[in-house]
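Dropping data_25.csv in here (CSV, C-alpha atoms and all ligand atoms):
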chain,number,residue,atom,x,y,z
X,1,ALA,CA,-109.3,-104.1,138.1
X,2,THR,CA,-108.4,-107.6,138.9
X,3,PRO,CA,-108.3,-110.3,136.2
X,4,THR,CA,-111.3,-111.8,137.9
X,5,ALA,CA,-113.2,-108.5,137.6
X,6,VAL,CA,-112.4,-108.3,133.9
X,7,MET,CA,-113.6,-111.9,133.4
X,8,VAL,CA,-116.8,-111.1,135.2
X,9,GLY,CA,-117.2,-107.9,133.1
X,10,THR,CA,-116.8,-109.7,129.8
X,11,GLY,CA,-119.0,-112.5,131.0
X,12,VAL,CA,-121.8,-110.1,131.9
X,13,GLY,CA,-121.4,-108.4,128.6
X,14,ALA,CA,-121.8,-111.8,126.8
X,15,THR,CA,-125.1,-112.5,128.5
X,16,GLN,CA,-126.3,-109.1,127.3
X,17,GLY,CA,-125.2,-109.6,123.7
X,18,VAL,CA,-122.1,-107.4,124.0
X,19,LEU,CA,-119.2,-109.4,122.9
X,20,ILE,CA,-116.0,-108.0,124.4
X,21,LYS,CA,-112.8,-109.4,122.9
X,22,GLY,CA,-110.5,-109.1,125.9
X,23,GLY,CA,-109.6,-107.0,128.9
X,24,GLN,CA,-107.9,-104.3,126.9
X,25,ALA,CA,-111.1,-103.5,125.1
X,26,LEU,CA,-112.9,-103.2,128.4
X,27,GLU,CA,-110.2,-101.0,129.9
X,28,SER,CA,-110.2,-98.6,126.9
X,29,ALA,CA,-114.0,-98.5,126.8
X,30,HIS,CA,-114.1,-97.0,130.3
X,31,LYS,CA,-112.1,-94.0,129.2
X,32,VAL,CA,-114.0,-93.2,126.0
X,33,ASN,CA,-115.0,-89.6,125.7
X,34,CYS,CA,-115.7,-89.4,122.0
X,35,ILE,CA,-117.6,-91.7,119.7
X,36,VAL,CA,-117.4,-91.7,115.9
X,37,PHE,CA,-120.4,-93.2,114.2
X,38,ASP,CA,-120.7,-94.5,110.7
X,39,LYS,CA,-124.0,-93.4,109.1
X,40,THR,CA,-125.3,-96.1,106.8
X,41,GLY,CA,-126.2,-99.3,108.7
X,42,THR,CA,-125.0,-97.9,112.0
X,43,LEU,CA,-127.1,-94.8,112.7
X,44,THR,CA,-129.6,-95.7,110.0
X,45,VAL,CA,-131.5,-98.9,109.5
X,46,GLY,CA,-129.2,-99.8,106.6
X,47,LYS,CA,-131.9,-101.1,104.4
X,48,PRO,CA,-132.4,-98.3,101.9
X,49,VAL,CA,-135.4,-98.3,99.6
X,50,VAL,CA,-135.9,-96.5,96.4
X,51,VAL,CA,-138.6,-93.9,96.8
X,52,THR,CA,-138.5,-91.8,93.6
X,53,THR,CA,-137.2,-92.0,90.1
X,54,ASN,CA,-136.7,-89.1,87.7
X,55,LEU,CA,-135.9,-89.9,84.1
X,56,PHE,CA,-134.0,-87.4,81.9
X,57,LYS,CA,-134.0,-89.5,78.7
X,58,LYS,CA,-136.7,-90.9,76.6
X,59,MET,CA,-136.9,-94.5,77.9
X,60,SER,CA,-139.2,-96.6,79.9
X,61,LEU,CA,-138.9,-97.0,83.6
X,62,LYS,CA,-138.6,-100.7,82.9
X,63,ASP,CA,-135.6,-100.3,80.6
X,64,PHE,CA,-134.0,-97.9,83.0
X,65,TYR,CA,-134.2,-100.3,85.9
X,66,GLU,CA,-133.2,-103.3,83.8
X,67,PHE,CA,-129.9,-101.5,83.1
X,68,ALA,CA,-129.4,-100.3,86.6
X,69,ALA,CA,-130.2,-103.8,88.1
X,70,ALA,CA,-128.0,-105.6,85.7
X,71,ALA,CA,-125.0,-103.5,86.9
X,72,GLU,CA,-125.9,-103.3,90.6
X,73,VAL,CA,-126.7,-107.1,91.0
X,74,ASN,CA,-122.9,-107.5,91.1
X,75,SER,CA,-122.5,-105.1,94.1
X,76,GLU,CA,-122.9,-105.9,97.8
X,77,HIS,CA,-123.6,-102.2,98.7
X,78,PRO,CA,-127.0,-101.6,100.5
X,79,ILE,CA,-127.9,-99.1,97.8
X,80,ALA,CA,-127.2,-101.7,95.1
X,81,LYS,CA,-129.6,-104.1,96.9
X,82,ALA,CA,-132.3,-101.4,97.1
X,83,ILE,CA,-132.0,-100.8,93.3
X,84,VAL,CA,-132.2,-104.5,92.5
X,85,GLU,CA,-135.2,-105.0,94.8
X,86,HIS,CA,-137.0,-102.0,93.2
X,87,ALA,CA,-136.2,-103.2,89.7
X,88,LYS,CA,-137.9,-106.5,90.5
X,89,LYS,CA,-141.0,-104.6,91.5
X,90,ILE,CA,-141.1,-102.5,88.4
X,91,ILE,CA,-140.5,-105.5,86.2
X,92,GLU,CA,-142.8,-107.7,88.2
X,93,GLU,CA,-140.8,-110.9,87.7
X,94,GLU,CA,-139.2,-112.8,90.6
X,95,ASN,CA,-135.6,-113.7,90.0
X,96,HIS,CA,-135.5,-111.7,86.9
X,97,PRO,CA,-132.7,-112.8,84.6
X,98,TRP,CA,-130.9,-109.4,84.3
X,99,PRO,CA,-129.0,-108.8,81.1
X,100,GLU,CA,-125.4,-109.8,81.4
X,101,ALA,CA,-123.0,-107.2,82.7
X,102,ARG,CA,-119.5,-107.2,81.3
X,103,ASP,CA,-116.4,-105.4,82.6
X,104,PHE,CA,-118.1,-104.7,86.0
X,105,VAL,CA,-116.1,-102.3,88.2
X,106,SER,CA,-117.0,-101.3,91.7
X,107,VAL,CA,-115.5,-98.0,92.9
X,108,SER,CA,-115.6,-98.0,96.7
X,109,GLY,CA,-117.5,-95.0,98.0
X,110,HIS,CA,-118.5,-93.8,94.6
X,111,GLY,CA,-120.5,-96.4,92.6
X,112,VAL,CA,-120.4,-99.1,89.9
X,113,LYS,CA,-119.9,-99.3,86.2
X,114,ALA,CA,-120.3,-102.0,83.6
X,115,ILE,CA,-121.2,-102.7,80.0
X,116,VAL,CA,-124.8,-103.9,79.7
X,117,LEU,CA,-126.5,-104.6,76.3
X,118,ASN,CA,-123.5,-102.8,74.6
X,119,LYS,CA,-124.0,-99.6,76.6
X,120,GLU,CA,-121.8,-98.3,79.2
X,121,ILE,CA,-123.8,-97.8,82.4
X,122,MET,CA,-122.7,-96.1,85.6
X,123,VAL,CA,-124.6,-95.9,88.8
X,124,GLY,CA,-123.3,-93.7,91.6
X,125,ASN,CA,-122.8,-90.3,93.2
X,126,LYS,CA,-121.6,-87.0,91.7
X,127,LYS,CA,-117.9,-88.0,92.2
X,128,MET,CA,-118.5,-91.1,90.2
X,129,MET,CA,-119.8,-89.1,87.3
X,130,SER,CA,-117.3,-86.2,87.5
X,131,ASP,CA,-114.4,-88.7,87.6
X,132,HIS,CA,-115.7,-90.1,84.3
X,133,ASN,CA,-116.3,-86.6,82.8
X,134,ILE,CA,-120.0,-87.0,82.7
X,135,ALA,CA,-121.9,-83.7,82.8
X,136,ILE,CA,-124.7,-83.3,85.3
X,137,SER,CA,-127.6,-81.1,84.1
X,138,VAL,CA,-129.3,-78.4,86.1
X,139,ASP,CA,-132.4,-80.7,86.3
X,140,ALA,CA,-130.4,-83.6,87.7
X,141,GLU,CA,-128.7,-81.3,90.2
X,142,GLU,CA,-132.0,-80.0,91.4
X,143,THR,CA,-133.3,-83.6,91.8
X,144,LEU,CA,-130.3,-84.5,93.9
X,145,ALA,CA,-130.6,-81.4,96.1
X,146,GLU,CA,-134.3,-82.2,96.7
X,147,ALA,CA,-133.5,-85.7,97.8
X,148,GLU,CA,-130.8,-84.5,100.1
X,149,SER,CA,-133.1,-81.9,101.7
X,150,LEU,CA,-135.4,-84.9,102.6
X,151,ALA,CA,-132.5,-86.8,104.1
X,152,GLN,CA,-132.6,-89.2,101.1
X,153,THR,CA,-129.6,-90.0,98.9
X,154,GLY,CA,-129.8,-89.2,95.2
X,155,ILE,CA,-128.1,-91.7,92.9
X,156,LEU,CA,-127.2,-90.8,89.3
X,157,VAL,CA,-127.5,-93.3,86.5
X,158,SER,CA,-125.7,-92.7,83.2
X,159,LEU,CA,-125.9,-94.5,79.9
X,160,ASP,CA,-123.1,-94.0,77.3
X,161,GLY,CA,-121.8,-90.9,79.1
X,162,GLU,CA,-125.1,-89.1,79.6
X,163,ILE,CA,-127.3,-88.9,82.7
X,164,ALA,CA,-130.4,-91.1,82.1
X,165,GLY,CA,-132.0,-90.5,85.4
X,166,VAL,CA,-131.7,-89.9,89.1
X,167,LEU,CA,-133.2,-92.2,91.8
X,168,ALA,CA,-133.6,-91.4,95.4
X,169,VAL,CA,-133.2,-93.9,98.2
X,170,SER,CA,-134.4,-93.5,101.7
X,171,ASP,CA,-132.7,-95.0,104.7
X,172,PRO,CA,-134.3,-93.8,107.9
X,173,LEU,CA,-132.6,-93.3,111.3
X,174,LYS,CA,-132.8,-96.3,113.6
X,175,PRO,CA,-135.5,-95.9,116.2
X,176,GLY,CA,-133.9,-94.8,119.5
X,177,ALA,CA,-130.8,-93.4,117.9
X,178,GLU,CA,-131.6,-89.9,119.0
X,179,GLU,CA,-132.0,-91.0,122.6
X,180,VAL,CA,-128.7,-92.8,122.6
X,181,ILE,CA,-126.9,-89.6,121.4
X,182,SER,CA,-128.6,-87.6,124.1
X,183,ILE,CA,-127.6,-90.1,126.8
X,184,LEU,CA,-124.0,-90.0,125.5
X,185,ASN,CA,-124.2,-86.2,125.7
X,186,SER,CA,-125.2,-86.4,129.3
X,187,MET,CA,-122.3,-88.7,130.0
X,188,LYS,CA,-120.0,-86.0,128.5
X,189,ILE,CA,-119.2,-88.2,125.5
X,190,LYS,CA,-119.0,-86.3,122.2
X,191,SER,CA,-120.7,-87.9,119.2
X,192,ILE,CA,-119.4,-87.4,115.6
X,193,MET,CA,-120.8,-88.8,112.4
X,194,VAL,CA,-118.6,-89.8,109.4
X,195,THR,CA,-120.0,-91.0,106.1
X,196,GLY,CA,-119.1,-91.6,102.5
X,197,ASP,CA,-122.5,-90.2,101.6
X,198,ASN,CA,-123.0,-86.6,100.4
X,199,TRP,CA,-123.0,-83.5,102.7
X,200,GLY,CA,-126.7,-82.7,102.2
X,201,THR,CA,-128.0,-86.1,103.2
X,202,ALA,CA,-125.4,-86.5,106.0
X,203,LYS,CA,-126.4,-83.1,107.6
X,204,SER,CA,-130.1,-84.0,107.4
X,205,ILE,CA,-129.5,-87.4,109.1
X,206,ALA,CA,-127.2,-85.8,111.7
X,207,ARG,CA,-129.8,-83.2,112.6
X,208,GLN,CA,-132.4,-85.9,113.2
X,209,ALA,CA,-130.0,-87.8,115.4
X,210,GLY,CA,-128.9,-84.7,117.3
X,211,ILE,CA,-125.3,-85.0,116.2
X,212,GLU,CA,-123.6,-81.6,115.7
X,213,THR,CA,-120.2,-82.7,114.2
X,214,VAL,CA,-120.4,-84.3,110.7
X,215,MET,CA,-117.8,-85.4,108.2
X,216,ALA,CA,-119.3,-86.4,104.8
X,217,GLU,CA,-118.0,-87.6,101.5
X,218,SER,CA,-115.1,-89.3,103.3
X,219,GLN,CA,-113.1,-92.2,101.9
X,220,PRO,CA,-112.4,-95.3,104.1
X,221,GLU,CA,-108.9,-94.0,104.8
X,222,THR,CA,-110.1,-90.6,105.9
X,223,LYS,CA,-112.4,-92.2,108.5
X,224,ALA,CA,-109.2,-93.7,110.1
X,225,THR,CA,-107.3,-90.4,109.7
X,226,LYS,CA,-110.1,-88.6,111.5
X,227,ILE,CA,-109.8,-91.1,114.4
X,228,LYS,CA,-106.1,-90.4,114.7
X,229,GLU,CA,-106.6,-86.7,114.6
X,230,LEU,CA,-109.1,-86.9,117.5
X,231,GLN,CA,-106.7,-89.1,119.5
X,232,ASN,CA,-103.9,-86.6,118.9
X,233,SER,CA,-106.1,-83.9,120.3
X,234,GLY,CA,-106.5,-85.9,123.5
X,235,TYR,CA,-109.7,-87.9,123.0
X,236,THR,CA,-110.1,-91.6,123.8
X,237,VAL,CA,-112.1,-92.6,120.7
X,238,ALA,CA,-114.6,-95.3,120.0
X,239,MET,CA,-115.7,-96.0,116.4
X,240,VAL,CA,-119.0,-97.7,115.7
X,241,GLY,CA,-119.5,-99.2,112.3
X,242,ASP,CA,-120.8,-102.0,110.2
X,243,GLY,CA,-119.2,-101.9,106.8
X,244,ILE,CA,-116.0,-103.1,105.1
X,245,ASN,CA,-115.1,-99.5,104.6
X,246,ASP,CA,-115.3,-98.9,108.4
X,247,SER,CA,-112.6,-101.5,109.2
X,248,PRO,CA,-109.5,-99.3,109.0
X,249,ALA,CA,-111.3,-96.8,111.4
X,250,LEU,CA,-112.4,-99.7,113.7
X,251,VAL,CA,-108.8,-100.8,114.0
X,252,ALA,CA,-107.4,-97.2,114.5
X,253,ALA,CA,-109.9,-96.4,117.3
X,254,ASP,CA,-109.1,-97.0,121.0
X,255,VAL,CA,-112.2,-99.1,120.9
X,256,GLY,CA,-113.7,-100.5,117.7
X,257,MET,CA,-117.4,-101.4,118.0
X,258,ALA,CA,-119.1,-103.4,115.2
X,259,ILE,CA,-122.8,-103.8,114.6
X,260,GLY,CA,-123.6,-107.5,114.8
X,261,ALA,CA,-125.6,-107.4,111.6
X,262,GLY,CA,-122.6,-105.8,109.9
X,263,THR,CA,-120.1,-107.3,107.5
X,264,ASP,CA,-117.7,-110.1,108.7
X,265,ILE,CA,-114.7,-107.8,108.0
X,266,ALA,CA,-116.0,-105.1,110.4
X,267,ILE,CA,-116.8,-107.7,113.1
X,268,GLU,CA,-113.3,-109.1,112.8
X,269,ALA,CA,-111.7,-105.6,113.0
X,270,ALA,CA,-113.7,-104.6,116.1
X,271,ASP,CA,-112.8,-105.0,119.8
X,272,ILE,CA,-116.5,-105.1,120.8
X,273,VAL,CA,-119.4,-106.6,118.9
X,274,LEU,CA,-122.9,-105.4,119.5
X,275,MET,CA,-124.6,-108.7,118.8
X,276,LYS,CA,-128.1,-107.4,118.9
X,277,SER,CA,-127.2,-104.5,116.6
X,278,ASN,CA,-128.8,-102.1,119.1
X,279,LEU,CA,-127.2,-98.7,119.5
X,280,GLU,CA,-128.3,-98.7,123.2
X,281,ASP,CA,-125.7,-101.5,123.7
X,282,ILE,CA,-122.9,-98.9,123.2
X,283,ILE,CA,-124.0,-97.5,126.6
X,284,THR,CA,-124.3,-101.0,128.0
X,285,ALA,CA,-120.7,-101.6,127.0
X,286,ILE,CA,-119.4,-98.3,128.4
X,287,ASP,CA,-121.3,-98.7,131.7
X,288,LEU,CA,-120.0,-102.2,132.1
X,289,ALA,CA,-116.4,-101.0,131.5
X,290,LYS,CA,-116.9,-98.1,134.0
X,291,ARG,CA,-118.3,-100.5,136.6
X,292,THR,CA,-115.4,-102.9,136.1
X,293,PHE,CA,-112.6,-100.3,136.1
X,294,THR,CA,-113.8,-97.7,138.6
X,295,ARG,CA,-115.0,-100.2,141.3
X,296,ILE,CA,-114.1,-99.0,144.8
X,297,ARG,CA,-112.3,-101.7,146.6
F,1,LIG,P1,-121.3,-95.0,103.8
F,1,LIG,O1,-120.1,-94.4,104.5
F,1,LIG,O2,-122.5,-94.1,104.0
F,1,LIG,O3,-121.6,-96.4,104.2
F,1,LIG,P2,-120.1,-95.5,101.2
F,1,LIG,O4,-118.7,-95.0,101.4
F,1,LIG,O5,-120.3,-97.0,101.1
F,1,LIG,O6,-121.1,-94.9,102.2
F,1,LIG,O7,-120.7,-94.9,99.8
F,1,LIG,C1,-120.7,-93.5,99.6
F,1,LIG,C2,-121.6,-93.1,98.5
F,1,LIG,O8,-121.1,-93.7,97.2
F,1,LIG,C3,-123.0,-93.7,98.6
F,1,LIG,O9,-123.8,-92.8,99.4
F,1,LIG,C4,-123.5,-93.7,97.1
F,1,LIG,O10,-123.8,-92.4,96.7
F,1,LIG,C5,-122.2,-94.1,96.4
F,1,LIG,N1,-122.1,-95.5,96.2
F,1,LIG,C6,-121.3,-96.4,96.7
F,1,LIG,N2,-121.5,-97.6,96.3
F,1,LIG,C7,-122.6,-97.6,95.4
F,1,LIG,C8,-123.3,-98.5,94.6
F,1,LIG,N3,-123.0,-99.8,94.5
F,1,LIG,N4,-124.3,-98.0,93.8
F,1,LIG,C9,-124.6,-96.7,93.8
F,1,LIG,N5,-124.0,-95.8,94.6
F,1,LIG,C10,-122.9,-96.2,95.3
F,2,MG,MG,-122.2,-98.4,107.1
Write-out of the structure in C-alpha cells:
Amino acid sequence: ATPTAVMVGTGVGATQGVLIKGGQALESAHKVNCIVFDKTGTLTVGKPVVVTTNLFKKMSLKDFYEFAAAAEVNSEHPIAKAIVEHAKKIIEEENHPWPEARDFVSVSGHGVKAIVLNKEIMVGNKKMMSDHNIAISVDAEETLAEAESLAQTGILVSLDGEIAGVLAVSDPLKPGAEEVISILNSMKIKSIMVTGDNWGTAKSIARQAGIETVMAESQPETKATKIKELQNSGYTVAMVGDGINDSPALVAADVGMAIGAGTDIAIEAADIVLMKSNLEDIITAIDLAKRTFTRIR
C-alpha cells in the first residue's frame, strides 16, 4: 500500500472511532489470523455486581460488608468496586465512612488484604487463600462451584485466617459478543480467551461467547507468553484487552487492541484503540486493514 493509502485507512478508522497508531499497526492487522481476548471488561461488560452472599460465621451481613468494603475501597479492580457498591446498599448510607484499613496489600490476579478493626481481612480467590494457608471448607467450596456453574465468580472473604463468607459476582457477556466471534470464525480467524479468573467461570463465559479455546487462572506474564507461543506456531496474533494486567500481552501481540473504556496503561500499550468500546470494531479495523493492504492496483 502507498503511504497515501495508509493515511486514508487510518483517517477512515478515526472517523469510525477506531484509532490506529500508525501504518505498521494497519499492516499487521490485515494478516491477523488469531485473536486473544481478555475476559473481564473485554468480552464481558466489566461492571460486575454482587448477586449472592453466603456467610459461614456468626456475624451480620452489615458487619461482613463493612470489613470487605473497608479493604476493597483501596483497590481499582472491578470486583472491588462491585463489593463497595453492594456494601453501600446493605449499609444504606451514601459515602459511608468505612473503617480504616491498615497495611493494605493488593496481590495482582489474586485479591487484597488489610488490617481492619484489628482483624486481618482477605478478599480474593482460592489462590489468595491457599497462599496464606487459609483452609477452605466443603461448604465454601460448594458455594464457589455453584457460582462458577452460573458463569459467576465466587470471591472468598477471610477474617483472622478463617473463611467468613463467599460472595458471588456476576459480569455478563457484552451484547453482540457471540456474533463477533461467529463472524471472526467465518473470516477464518481463531478466537482464544485468556483470563485471570477461575476455570469454571471462564469456561461458562467462553461457552456463551462461542469460544472453544480457553486459558484461565493466568498471570499477566502468562498472557504475554501465550501470545509468543501462538506467534511461534505461525499465527499473526491480535490481543484485545482493557486492563493494566493486559498490557504486557498487548505489547507482545502483532496487533494490540485496547478497549477505549479501559485503563490508560492498556490504551498506551495498544496499537489500535477501539474508542467506542464495541467488539464489532475489531472487525471494522481488520476490514479496513484488508482493504488498505490488499487493494488491486
Ligand atoms: P481478569 O483477567 O479476568 O481481568 P484478574 O487477573 O484481574 O482477572 O483477577 C483474577 C482473579 O483474582 C479475579 O477473578 C478475582 O477472583 C481475584 N481478584 C483480583 N483482584 C481482586 C480484588 N481486588 N478483590 C477480590 N478478588 C480479586
Ligand atoms: Mg479485563
Subject >> Spatial neighbours of region 215-231 of chain X, max dist 8 Å, only C-alpha atoms, sep filter under 5 positions, as a PyMOL selection string >> reply: chain X and resi 36+109+192-199+202+236-237+239+245-246+248-250+252-253
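The smallest atom-to-atom distance between ligand MG 2 (chain F) and any of X:Asn278, X:Thr44, X:Ser28, X:Ser170, using all atoms listed in the file, is found for X:Thr44.
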Original post:
Hey, which residues come within 9 Å of ligand LIG 1 (chain F) if we count only C-alpha atoms and all ligand atoms? Could you give them as a count of residues only?
Top reply: 57
Subject >> Which of X:Gly23, X:Gly234, X:Pro48, X:Gly200 sits closest to ligand MG 2 (chain F) [using only C-alpha atoms and all ligand atoms] >> reply: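 Nearest candidate to ligand MG 2 (chain F) out of X:Gly23, X:Gly234, X:Pro48, X:Gly200: X:Pro48.
Put simply, CA of Val240 (chain X) is 4.9 Å away from CA of Phe37 (chain X).
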**OP:** Grab the CA of Val251 (chain X) to CA of Ala25 (chain X) distance for me, in Å with one decimal place.
**Re:**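 The value is 11.7 Å.
Residue nearest Gln24 (chain X) within the list X:Ala206, X:Val255, X:Ala266, X:Val138: X:Val255 [criterion: smallest interatomic distance, only C-alpha atoms].
In this model, the gap between CA of Val8 (chain X) and CA of Met275 (chain X) comes to 18.3 Å.
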